[in-house]
Amino acid sequence: MEIIILSKEKVKPSTPTPPYLKNHKLCLFDQLALGICITPIFFYKNNNNIVDNRLKKSLSETLTLFYPLAGELSSEDDSTFVKCNDNGVLYMEACVKDNVRMDEFIRDLDLSQLINFLPQHASMGSKMNYVQTLETLVSIQVTRFDCGGVAIGGVLFHRLLDGDTMSKFFNTWAKIARGDFHNDDIASLDFTSSSLLFPPQNLPQEFLETNKMIFFYEEKSLVRRFVFNAKAIEAIKMKVSSENVPNPSRVEALTTFIWKHLILATRTTKGVSSSPIMVAHVVNLRSRIDPKLLNAFGNLVFIATSEVIDMSDDDELDLPHLFGIVREMFENMNSENLKALQGDDALDCIVDMATQVESLLPQLDTYKFSSWCNFGLYDVDFGWGKPIFIAPFIEPISSLNKQQIILVENGRNDGIEAWILRNNEEMLELEKDEEFLTYASSNPSVH
């Protein structure tokens, strides 16, 4: 598939950011966000050619409200704030060459082609040094198909925002575009409380390097998309549940089930059964901290981890047992435990966490999950209907993040997709796992 770039420009906020908002203070969790980007792609059916002016104008108005996204990072020596200087957002318009229809593309989805719908994808070099290579901290590409379908792809620097804020940004943009925005929709957006509750810290370099090493490592990897329909999810919830640990959520159940089968794939490829393992899950803290900060802008997420587990007994791969570990991992992310990340004790806490796992890194098998569920991404309607498909793009070649699992709802709202990136050998084993494939469909067509 070939994409033709039609135009490229910077879109700036419709109203200049006032002087008293020129420096946006980051919080601790912004600092901890790895140097990667969030890269969603929204696909829409025929829009009757009403894309261009409406989208640019409404994006400009949205940036007035989300003014840090149009700014620039402060110097590398000071990672505590964003310069809100109205630098703007890169905005590109493109079209698909050779009369390729959108319904044809998503019916026989080639995951390797998704990168073409993202702006600045040429910047995704082997080092993934976004700070130095991206023209703007947020960029947008609007790509038209001849059939009238549209793909809207975004590259958003993670240090400024998490999935929750990303969703708020796109939903606000869509509301403004379709003329359904009200001032009280944004009045509650909170730009300051997270940095007050979790102030930035002078993070030691050794911690930052260890943080990267836990989840970033060089290995040939594959990305695959699996879909669990509602019936399969209910069956999995029953399999993982027990009298001692009942009532799993959809995300808990799928995390447990996928984790088990990835452990089996790892063991098969390594030929061992006793490597220490750890499961991790990115957790939205907005409703877990005290006071709750449901409308906080930026990153208010933390990586919940299990203890390092030495599973030498196959009985420990029993789904209810694994679910107990997953449930405990989530429950530990409570307001009382999170107080350790506030104030003067925060630095000692995060350094201790890094020290605990650093010695085990060479042999530790880590399984990292995140969830885009319940973010309302399928409500992002610019005036021509809700998206029929959303791809949480994962790039396996140049990305340093060589293992991750992203859970995202599907367009029918009757199931969840798991986008899994693991090394080649493990993915090939997973694709041969008959029990796994009893519940998961491998890259099915999007209707």
# chains A, B, ... in the order shown; residues from 1 in each chain; ligands from 1
call {"tool": "select_by_dssp", "arguments": {"residues": "region 223-367 of chain A", "states": "alpha helix (DSSP H)", "output": "count of residues only"}}
result
62
call {"tool": "residues_around", "arguments": {"residues": "Lys237 (chain A)", "least_positions_apart": "6", "cutoff": "8 Å", "atoms": "only C-alpha atoms", "output": "list in words"}}
result
Asn247, Pro248, Ser249, Arg250, Ala253 and Leu254 of chain A
call {"tool": "write_last_selection", "arguments": {"atoms": "N, CA and C atoms", "output": "compact mmCIF listing (two decimals), in the first residue's frame"}}
result
# COMPACT_ATOMS: atom_id res chain seq x y z
N ASN A 247 -15.36 -13.32 40.88
CA ASN A 247 -15.82 -12.14 40.14
C ASN A 247 -14.72 -11.36 39.42
N PRO A 248 -14.01 -12.01 38.52
CA PRO A 248 -13.00 -11.28 37.76
C PRO A 248 -13.64 -10.31 36.79
N SER A 249 -12.98 -9.18 36.58
CA SER A 249 -13.39 -8.28 35.52
C SER A 249 -12.93 -8.85 34.18
N ARG A 250 -13.37 -8.25 33.09
CA ARG A 250 -12.93 -8.71 31.77
C ARG A 250 -11.42 -8.58 31.63
N ALA A 253 -9.56 -11.16 33.80
CA ALA A 253 -9.67 -12.51 33.25
C ALA A 253 -8.76 -12.69 32.04
N LEU A 254 -8.78 -11.72 31.11
CA LEU A 254 -7.95 -11.84 29.92
C LEU A 254 -6.47 -11.73 30.25
call {"tool": "residues_around", "arguments": {"residues": "Ile3 (chain A)", "least_positions_apart": "4", "cutoff": "10 Å", "atoms": "only C-alpha atoms", "output": "ChimeraX atom specification"}}
result
/A:94-98,116-117,143-145
call {"tool": "write_last_selection", "arguments": {"atoms": "C-alpha atoms", "output": "PDB file, in the first residue's frame"}}
result
ATOM      1  CA  ALA A  94      -2.776  12.122   2.758  1.00  0.00           C
ATOM      2  CA  CYS A  95      -4.579   9.728   0.451  1.00  0.00           C
ATOM      3  CA  VAL A  96      -4.282   6.043  -0.357  1.00  0.00           C
ATOM      4  CA  LYS A  97      -2.990   5.340  -3.850  1.00  0.00           C
ATOM      5  CA  ASP A  98      -4.387   2.860  -6.418  1.00  0.00           C
ATOM      6  CA  ASN A 116       1.505   4.250   6.855  1.00  0.00           C
ATOM      7  CA  PHE A 117      -1.431   5.944   8.594  1.00  0.00           C
ATOM      8  CA  THR A 143      -5.702   9.772   5.294  1.00  0.00           C
ATOM      9  CA  ARG A 144      -8.538   9.459   2.789  1.00  0.00           C
ATOM     10  CA  PHE A 145      -9.532   6.376   0.821  1.00  0.00           C
TER      11      PHE A 145
END
call {"tool": "residues_around", "arguments": {"residues": "Ile41 (chain A)", "least_positions_apart": "6", "cutoff": "10 Å", "atoms": "only C-alpha atoms", "output": "number ranges by chain"}}
result
A: 114-115, 117-118, 140-142, 151-155, 387, 389-393
call {"tool": "write_last_selection", "arguments": {"atoms": "C-alpha atoms", "output": "compact mmCIF listing (two decimals), in the first residue's frame"}}
result
# COMPACT_ATOMS: atom_id res chain seq x y z
CA LEU A 114 -0.75 0.36 9.69
CA ILE A 115 2.38 2.47 10.13
CA PHE A 117 -1.43 5.94 8.59
CA LEU A 118 0.80 7.58 11.19
CA ILE A 140 -1.91 13.99 13.32
CA GLN A 141 -2.34 12.40 9.90
CA VAL A 142 -5.71 12.33 8.12
CA ALA A 151 -8.14 7.02 8.85
CA ILE A 152 -6.99 9.43 11.56
CA GLY A 153 -3.66 8.50 13.09
CA GLY A 154 -1.94 10.20 15.99
CA VAL A 155 1.59 10.18 17.39
CA PRO A 387 -15.07 4.61 14.23
CA PHE A 389 -12.04 0.05 13.99
CA ILE A 390 -9.29 1.36 16.27
CA ALA A 391 -5.73 0.10 16.07
CA PRO A 392 -3.37 0.63 19.04
CA PHE A 393 -0.41 0.57 16.70
call {"tool": "residues_around", "arguments": {"residues": "Val240 (chain A)", "least_positions_apart": "4", "cutoff": "9 Å", "atoms": "only C-alpha atoms", "output": "list in words"}}
result
Ala235, Ile236, Val245, Pro246, Pro248, Ala253, Thr256, Phe257, Asp318, Leu319, Pro320, His321, Leu322, Phe323 and Gly324 of chain A
call {"tool": "residues_around", "arguments": {"residues": "Asp365 (chain A)", "least_positions_apart": "4", "cutoff": "9 Å", "atoms": "only C-alpha atoms", "output": "ChimeraX atom specification"}}
result
/A:263,266,275-279,361
call {"tool": "closest_residue", "arguments": {"among": "A:Met333, A:Val251, A:Leu160, A:Cys84", "to": "Tyr20 (chain A)", "atoms": "only C-alpha atoms"}}
result
A:Cys84
call {"tool": "residues_around", "arguments": {"residues": "His24 (chain A)", "least_positions_apart": "4", "cutoff": "12 Å", "atoms": "only C-alpha atoms", "output": "JSON, numbers by chain"}}
result
{"A": [17, 18, 19, 20, 30, 66, 67, 68, 69, 70, 71, 72, 73, 74, 79, 80, 81, 82, 83, 84, 85, 160, 190, 191, 192, 193, 194, 195, 196, 200, 297, 298]}
call {"tool": "select_by_dssp", "arguments": {"residues": "region 220-263 of chain A", "states": "strand (DSSP E)", "output": "list of chain:residue names"}}
result
A:Ser221, A:Leu222, A:Val223, A:Arg224, A:Arg225, A:Phe226, A:Val227, A:Phe228, A:Asn229
call {"tool": "write_last_selection", "arguments": {"atoms": "all heavy atoms", "output": "compact mmCIF listing (two decimals), in the first residue's frame"}}
result
# COMPACT_ATOMS: atom_id res chain seq x y z
N SER A 221 11.04 -9.49 17.10
CA SER A 221 9.72 -9.67 17.69
C SER A 221 8.64 -9.65 16.62
O SER A 221 8.84 -9.14 15.52
CB SER A 221 9.44 -8.58 18.74
OG SER A 221 10.38 -8.62 19.77
N LEU A 222 7.50 -10.20 16.99
CA LEU A 222 6.33 -10.21 16.13
C LEU A 222 5.16 -9.59 16.88
O LEU A 222 5.05 -9.72 18.10
CB LEU A 222 5.96 -11.65 15.73
CG LEU A 222 6.93 -12.42 14.85
CD1 LEU A 222 6.46 -13.87 14.71
CD2 LEU A 222 7.06 -11.78 13.48
N VAL A 223 4.29 -8.90 16.15
CA VAL A 223 3.06 -8.40 16.74
C VAL A 223 1.89 -9.14 16.10
O VAL A 223 1.85 -9.36 14.89
CB VAL A 223 2.92 -6.87 16.55
CG1 VAL A 223 2.93 -6.47 15.08
CG2 VAL A 223 1.66 -6.36 17.24
N ARG A 224 0.99 -9.55 16.94
CA ARG A 224 -0.19 -10.27 16.47
C ARG A 224 -1.44 -9.70 17.16
O ARG A 224 -1.38 -9.18 18.28
CB ARG A 224 -0.09 -11.77 16.78
CG ARG A 224 1.01 -12.48 16.00
CD ARG A 224 0.68 -12.57 14.53
NE ARG A 224 1.62 -13.37 13.78
CZ ARG A 224 2.67 -12.88 13.11
NH1 ARG A 224 2.90 -11.56 13.11
NH2 ARG A 224 3.47 -13.68 12.45
N ARG A 225 -2.56 -9.83 16.48
CA ARG A 225 -3.83 -9.33 16.98
C ARG A 225 -4.76 -10.52 17.19
O ARG A 225 -4.99 -11.31 16.27
CB ARG A 225 -4.43 -8.35 15.97
CG ARG A 225 -5.90 -8.00 16.18
CD ARG A 225 -6.38 -7.03 15.10
NE ARG A 225 -7.82 -6.86 15.11
CZ ARG A 225 -8.65 -7.41 14.23
NH1 ARG A 225 -8.18 -8.17 13.25
NH2 ARG A 225 -9.95 -7.21 14.33
N PHE A 226 -5.30 -10.65 18.40
CA PHE A 226 -6.25 -11.71 18.72
C PHE A 226 -7.53 -11.07 19.25
O PHE A 226 -7.47 -10.10 20.01
CB PHE A 226 -5.67 -12.67 19.77
CG PHE A 226 -4.43 -13.38 19.32
CD1 PHE A 226 -3.17 -12.88 19.66
CD2 PHE A 226 -4.50 -14.55 18.59
CE1 PHE A 226 -2.02 -13.53 19.26
CE2 PHE A 226 -3.35 -15.21 18.18
CZ PHE A 226 -2.10 -14.70 18.51
N VAL A 227 -8.66 -11.63 18.88
CA VAL A 227 -9.95 -11.08 19.29
C VAL A 227 -10.70 -12.11 20.13
O VAL A 227 -10.85 -13.28 19.71
CB VAL A 227 -10.80 -10.67 18.06
CG1 VAL A 227 -12.16 -10.15 18.52
CG2 VAL A 227 -10.07 -9.61 17.25
N PHE A 228 -11.14 -11.67 21.29
CA PHE A 228 -11.95 -12.50 22.18
C PHE A 228 -13.37 -11.94 22.16
O PHE A 228 -13.60 -10.79 22.56
CB PHE A 228 -11.40 -12.45 23.61
CG PHE A 228 -10.00 -12.98 23.77
CD1 PHE A 228 -8.90 -12.18 23.49
CD2 PHE A 228 -9.79 -14.28 24.18
CE1 PHE A 228 -7.61 -12.65 23.64
CE2 PHE A 228 -8.50 -14.78 24.34
CZ PHE A 228 -7.40 -13.96 24.06
N ASN A 229 -14.33 -12.73 21.68
CA ASN A 229 -15.70 -12.23 21.67
C ASN A 229 -16.32 -12.36 23.06
O ASN A 229 -15.72 -12.91 23.99
CB ASN A 229 -16.53 -12.94 20.61
CG ASN A 229 -16.67 -14.44 20.85
OD1 ASN A 229 -16.66 -14.91 21.99
ND2 ASN A 229 -16.81 -15.20 19.76
call {"tool": "atom_distance", "arguments": {"atom1": "CA of Asp381 (chain A)", "atom2": "CA of Asn171 (chain A)"}}
result
7.5 Å
call {"tool": "closest_residue", "arguments": {"among": "A:Met311, A:Ile325, A:Val150, A:Leu63", "to": "Phe43 (chain A)", "atoms": "only C-alpha atoms"}}
result
A:Val150
call {"tool": "closest_residue", "arguments": {"among": "A:Glu336, A:Glu429, A:Asp379, A:Glu243", "to": "Tyr44 (chain A)", "atoms": "only C-alpha atoms"}}
result
A:Asp379
call {"tool": "atom_distance", "arguments": {"atom1": "CA of Lys12 (chain A)", "atom2": "CA of Gly88 (chain A)"}}
result
4.2 Å
